[in-house]
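Participant: One structure coming up, written as structure tokens, with questions to follow.
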Amino acid sequence: MSSWQKSDRGDAQDASSAPRVDGPRHVAIIMDGNGRWAQARGRPRLFGHHAGARRVREVVECCPALGVKYLTIFAFSTENWKRTQVEVAGLMSLFRRYIAKEMKALAAKNVRVRFIGDRVRLDAKLIQLMDALERETEANDGTHLTIALNYGGRDEVARATKRLAQDVAAGKLDPESVDEETLPRYLDTHVLPDPDLVIRTSGEARISNFLLWQSAYAEYEFIDTLWPDFTSEELARLCRNYGSRDRRFGAVKT
Ligand code: FPP
């Protein structure tokens, strides 16, 4: 059987651009290294975040050719509030500007955008823009881009557990029926498949509270590249590496 397939939009492609069947369907990225990238150039950390935001566009655009249907990116963690007020305010302003600026392009490129994370600490203007971008792209069926903003895996599981407990208390859920299929229905990611491949840039080999439940069987790539230097070619290489891995999900090959 050929290892090449038609694109998700159904248009026939030649072998040079067609996505690999055995590549990752869902890629999740911890975009790290913006601060060091800026420091190496003698510039403030926010300069690195702006350069990082420009990388997002290239990476989103190359997904269809790589067969990546779901892309989830870690933009701001529940721990990132501990940064200086200047950096936090600068990042929030960057997110507002990014959404306003990219809305039309994302919609036109058939990208469906979702946000995960807790919105309670986000400002009203940013929430309004997030809602607008989700609405504007909700009919799209190309790349599913999920942006994790004020997201923490433990926080997500805690919020999910609270809702699950409320359903039990309200008599909507039988505690005896709770199994490992139940909790994911309460997670922010409930409509998404689990990530196949989690990439972290900048040489750090940790997952920093990202998609804790969902990544139980993901493959990991920790690469030295700082996020503002990450390219579509590097993503293509990592997708090829993934294709050569042997995923057994705890089973033994027969
Ligand atoms: C981690 O690098 C990066 C962040 C906390 C912010 C990620 C944000 C972006 C890539 C920009 C915009 C994203 C969107 C969706 C518009 P770091 O600051 O911890 O780098 P360091 O480890 O070198 O200090």
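To be explicit about the labels: the chains of the structure tokens are called A, B, and onward in the order shown, and within each one the residues are counted from 1, while ligands get numbers from 1 in the order they are shown.
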Need to verify the contact set: Tyr220 of chain A, 8 Å, only C-alpha atoms, exclusion of same-chain residues closer than 4 positions in sequence. Can you return it as a list in words?

Facilitator: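 In the requested form, the answer reads Leu197, Val198, Ile199 and Arg200 of chain A.
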
Participant: Go ahead and write the selection's residues with all heavy atoms as a PDB file, in the first residue's frame.

Facilitator:
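Result saved to result02.pdb:
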```
ATOM      1  N   LEU A 197       2.950  13.570  18.922  1.00  0.00           N
ATOM      2  CA  LEU A 197       4.328  14.033  19.026  1.00  0.00           C
ATOM      3  C   LEU A 197       4.349  15.353  19.799  1.00  0.00           C
ATOM      4  O   LEU A 197       3.614  16.285  19.458  1.00  0.00           O
ATOM      5  CB  LEU A 197       4.897  14.255  17.611  1.00  0.00           C
ATOM      6  CG  LEU A 197       6.287  14.867  17.501  1.00  0.00           C
ATOM      7  CD1 LEU A 197       7.348  13.956  18.127  1.00  0.00           C
ATOM      8  CD2 LEU A 197       6.639  15.139  16.036  1.00  0.00           C
ATOM      9  N   VAL A 198       5.163  15.405  20.854  1.00  0.00           N
ATOM     10  CA  VAL A 198       5.342  16.653  21.616  1.00  0.00           C
ATOM     11  C   VAL A 198       6.785  17.122  21.393  1.00  0.00           C
ATOM     12  O   VAL A 198       7.728  16.365  21.603  1.00  0.00           O
ATOM     13  CB  VAL A 198       5.088  16.437  23.127  1.00  0.00           C
ATOM     14  CG1 VAL A 198       5.354  17.740  23.900  1.00  0.00           C
ATOM     15  CG2 VAL A 198       3.653  15.970  23.378  1.00  0.00           C
ATOM     16  N   ILE A 199       6.898  18.355  20.937  1.00  0.00           N
ATOM     17  CA  ILE A 199       8.226  18.920  20.660  1.00  0.00           C
ATOM     18  C   ILE A 199       8.498  20.033  21.671  1.00  0.00           C
ATOM     19  O   ILE A 199       7.610  20.851  21.955  1.00  0.00           O
ATOM     20  CB  ILE A 199       8.254  19.544  19.234  1.00  0.00           C
ATOM     21  CG1 ILE A 199       7.982  18.471  18.172  1.00  0.00           C
ATOM     22  CG2 ILE A 199       9.582  20.256  18.973  1.00  0.00           C
ATOM     23  CD1 ILE A 199       7.684  19.050  16.781  1.00  0.00           C
ATOM     24  N   ARG A 200       9.706  20.065  22.223  1.00  0.00           N
ATOM     25  CA  ARG A 200      10.108  21.221  23.024  1.00  0.00           C
ATOM     26  C   ARG A 200      11.401  21.767  22.441  1.00  0.00           C
ATOM     27  O   ARG A 200      12.377  21.038  22.254  1.00  0.00           O
ATOM     28  CB  ARG A 200      10.319  20.858  24.487  1.00  0.00           C
ATOM     29  CG  ARG A 200      10.686  22.112  25.292  1.00  0.00           C
ATOM     30  CD  ARG A 200      10.849  21.874  26.765  1.00  0.00           C
ATOM     31  NE  ARG A 200      11.003  23.147  27.460  1.00  0.00           N
ATOM     32  CZ  ARG A 200      10.454  23.446  28.624  1.00  0.00           C
ATOM     33  NH1 ARG A 200       9.718  22.557  29.246  1.00  0.00           N
ATOM     34  NH2 ARG A 200      10.640  24.624  29.182  1.00  0.00           N
TER      35      ARG A 200
END
```

Participant: Would you tabulate, counting only C-alpha atoms and all ligand atoms, all residues of chain A that have an atom at most 8 Å from an atom of ligand 1, showing the closest pair of atoms and their distance in Å to one decimal, sorted by chain then ascending number, as CSV?

Facilitator:
```
residue,atom,partner,partner_atom_place_in_ligand_line,distance
A:Ile30,CA,ligand 1,1 (C),7.6
A:Met31,CA,ligand 1,10 (C),5.4
A:Asp32,CA,ligand 1,2 (O),3.8
A:Gly33,CA,ligand 1,23 (O),3.3
A:Asn34,CA,ligand 1,20 (O),4.1
A:Gly35,CA,ligand 1,23 (O),3.6
A:Arg36,CA,ligand 1,23 (O),3.6
A:Trp37,CA,ligand 1,23 (O),6.2
A:Ala38,CA,ligand 1,23 (O),7.9
A:Arg45,CA,ligand 1,18 (O),6.8
A:Gly48,CA,ligand 1,18 (O),7.5
A:His49,CA,ligand 1,11 (C),4.6
A:His50,CA,ligand 1,11 (C),6.0
A:Ala51,CA,ligand 1,11 (C),7.4
A:Gly52,CA,ligand 1,10 (C),4.1
A:Ala53,CA,ligand 1,12 (C),3.9
A:Arg54,CA,ligand 1,12 (C),7.7
A:Arg55,CA,ligand 1,10 (C),7.6
A:Val56,CA,ligand 1,14 (C),6.6
A:Ile73,CA,ligand 1,15 (C),7.0
A:Phe74,CA,ligand 1,7 (C),6.6
A:Ala75,CA,ligand 1,7 (C),4.2
A:Phe76,CA,ligand 1,5 (C),5.3
A:Ser77,CA,ligand 1,5 (C),7.0
A:Asn80,CA,ligand 1,5 (C),6.4
A:Leu91,CA,ligand 1,8 (C),7.2
A:Leu94,CA,ligand 1,16 (C),6.5
A:Phe95,CA,ligand 1,16 (C),5.1
A:Tyr98,CA,ligand 1,16 (C),5.2
A:Ile99,CA,ligand 1,16 (C),7.3
A:Ile147,CA,ligand 1,15 (C),6.1
A:Ser202,CA,ligand 1,23 (O),7.1
A:Leu226,CA,ligand 1,23 (O),7.4
A:Trp227,CA,ligand 1,10 (C),6.9
A:Pro228,CA,ligand 1,10 (C),7.6
```

Participant: Any chance you can output those residues with C-alpha atoms as a PDB file, in the first residue's frame?

Facilitator:
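The resulting file, again-v2.pdb, is shown below:
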```pdb
ATOM      1  CA  ILE A  30       6.384  23.903  23.810  1.00  0.00           C
ATOM      2  CA  MET A  31       7.764  27.033  22.177  1.00  0.00           C
ATOM      3  CA  ASP A  32      10.764  27.756  24.400  1.00  0.00           C
ATOM      4  CA  GLY A  33      13.836  29.928  24.032  1.00  0.00           C
ATOM      5  CA  ASN A  34      12.463  33.332  23.021  1.00  0.00           C
ATOM      6  CA  GLY A  35      14.191  35.056  25.960  1.00  0.00           C
ATOM      7  CA  ARG A  36      17.615  33.525  25.254  1.00  0.00           C
ATOM      8  CA  TRP A  37      17.259  34.263  21.544  1.00  0.00           C
ATOM      9  CA  ALA A  38      16.680  37.950  22.352  1.00  0.00           C
ATOM     10  CA  ARG A  45      12.990  39.445  26.115  1.00  0.00           C
ATOM     11  CA  GLY A  48      12.239  37.352  21.304  1.00  0.00           C
ATOM     12  CA  HIS A  49       8.524  36.808  21.923  1.00  0.00           C
ATOM     13  CA  HIS A  50       7.677  38.941  18.875  1.00  0.00           C
ATOM     14  CA  ALA A  51      10.112  36.910  16.769  1.00  0.00           C
ATOM     15  CA  GLY A  52       8.494  33.767  18.214  1.00  0.00           C
ATOM     16  CA  ALA A  53       5.038  34.935  17.182  1.00  0.00           C
ATOM     17  CA  ARG A  54       6.239  35.297  13.576  1.00  0.00           C
ATOM     18  CA  ARG A  55       7.386  31.627  13.628  1.00  0.00           C
ATOM     19  CA  VAL A  56       3.878  30.502  14.528  1.00  0.00           C
ATOM     20  CA  ILE A  73       1.018  25.352  20.917  1.00  0.00           C
ATOM     21  CA  PHE A  74       1.914  26.414  24.451  1.00  0.00           C
ATOM     22  CA  ALA A  75       1.744  30.210  24.470  1.00  0.00           C
ATOM     23  CA  PHE A  76       1.403  31.074  28.178  1.00  0.00           C
ATOM     24  CA  SER A  77       1.392  28.807  31.206  1.00  0.00           C
ATOM     25  CA  ASN A  80       4.184  32.404  33.500  1.00  0.00           C
ATOM     26  CA  LEU A  91       2.948  39.062  26.178  1.00  0.00           C
ATOM     27  CA  LEU A  94       1.306  40.514  21.827  1.00  0.00           C
ATOM     28  CA  PHE A  95      -1.513  37.943  22.042  1.00  0.00           C
ATOM     29  CA  TYR A  98      -1.519  38.539  17.055  1.00  0.00           C
ATOM     30  CA  ILE A  99      -5.196  37.585  17.132  1.00  0.00           C
ATOM     31  CA  ILE A 147      -3.491  27.794  21.529  1.00  0.00           C
ATOM     32  CA  SER A 202      15.619  25.303  23.355  1.00  0.00           C
ATOM     33  CA  LEU A 226      15.481  28.243  20.073  1.00  0.00           C
ATOM     34  CA  TRP A 227      11.845  28.795  19.093  1.00  0.00           C
ATOM     35  CA  PRO A 228      12.427  31.944  16.956  1.00  0.00           C
TER      36      PRO A 228
END
```

Participant: As an NGL selection string, which residues of segment 84-199 of chain A does DSSP assign to strand (DSSP E or B)?

Facilitator: :A and (112-116 or 144-151 or 197-199)

Participant: Write out as number ranges by chain which residues come within 12 Å of Ala89 of chain A when counting only C-alpha atoms, dropping same-chain ones fewer than 4 positions away.

Facilitator: A: 46, 76, 80-85, 93-96, 122-123, 126

Participant: Can you pull out every residue from segment 16-179 of chain A that DSSP, working from the backbone, puts in helix (DSSP H, G or I), and format the result as a count of residues only?

Facilitator: 88

Participant: Counting only C-alpha atoms, figure out which residue out of A:Arg135, A:His144, A:Arg154, A:Arg159 gets nearest to Arg112 of chain A.

Facilitator: A:His144
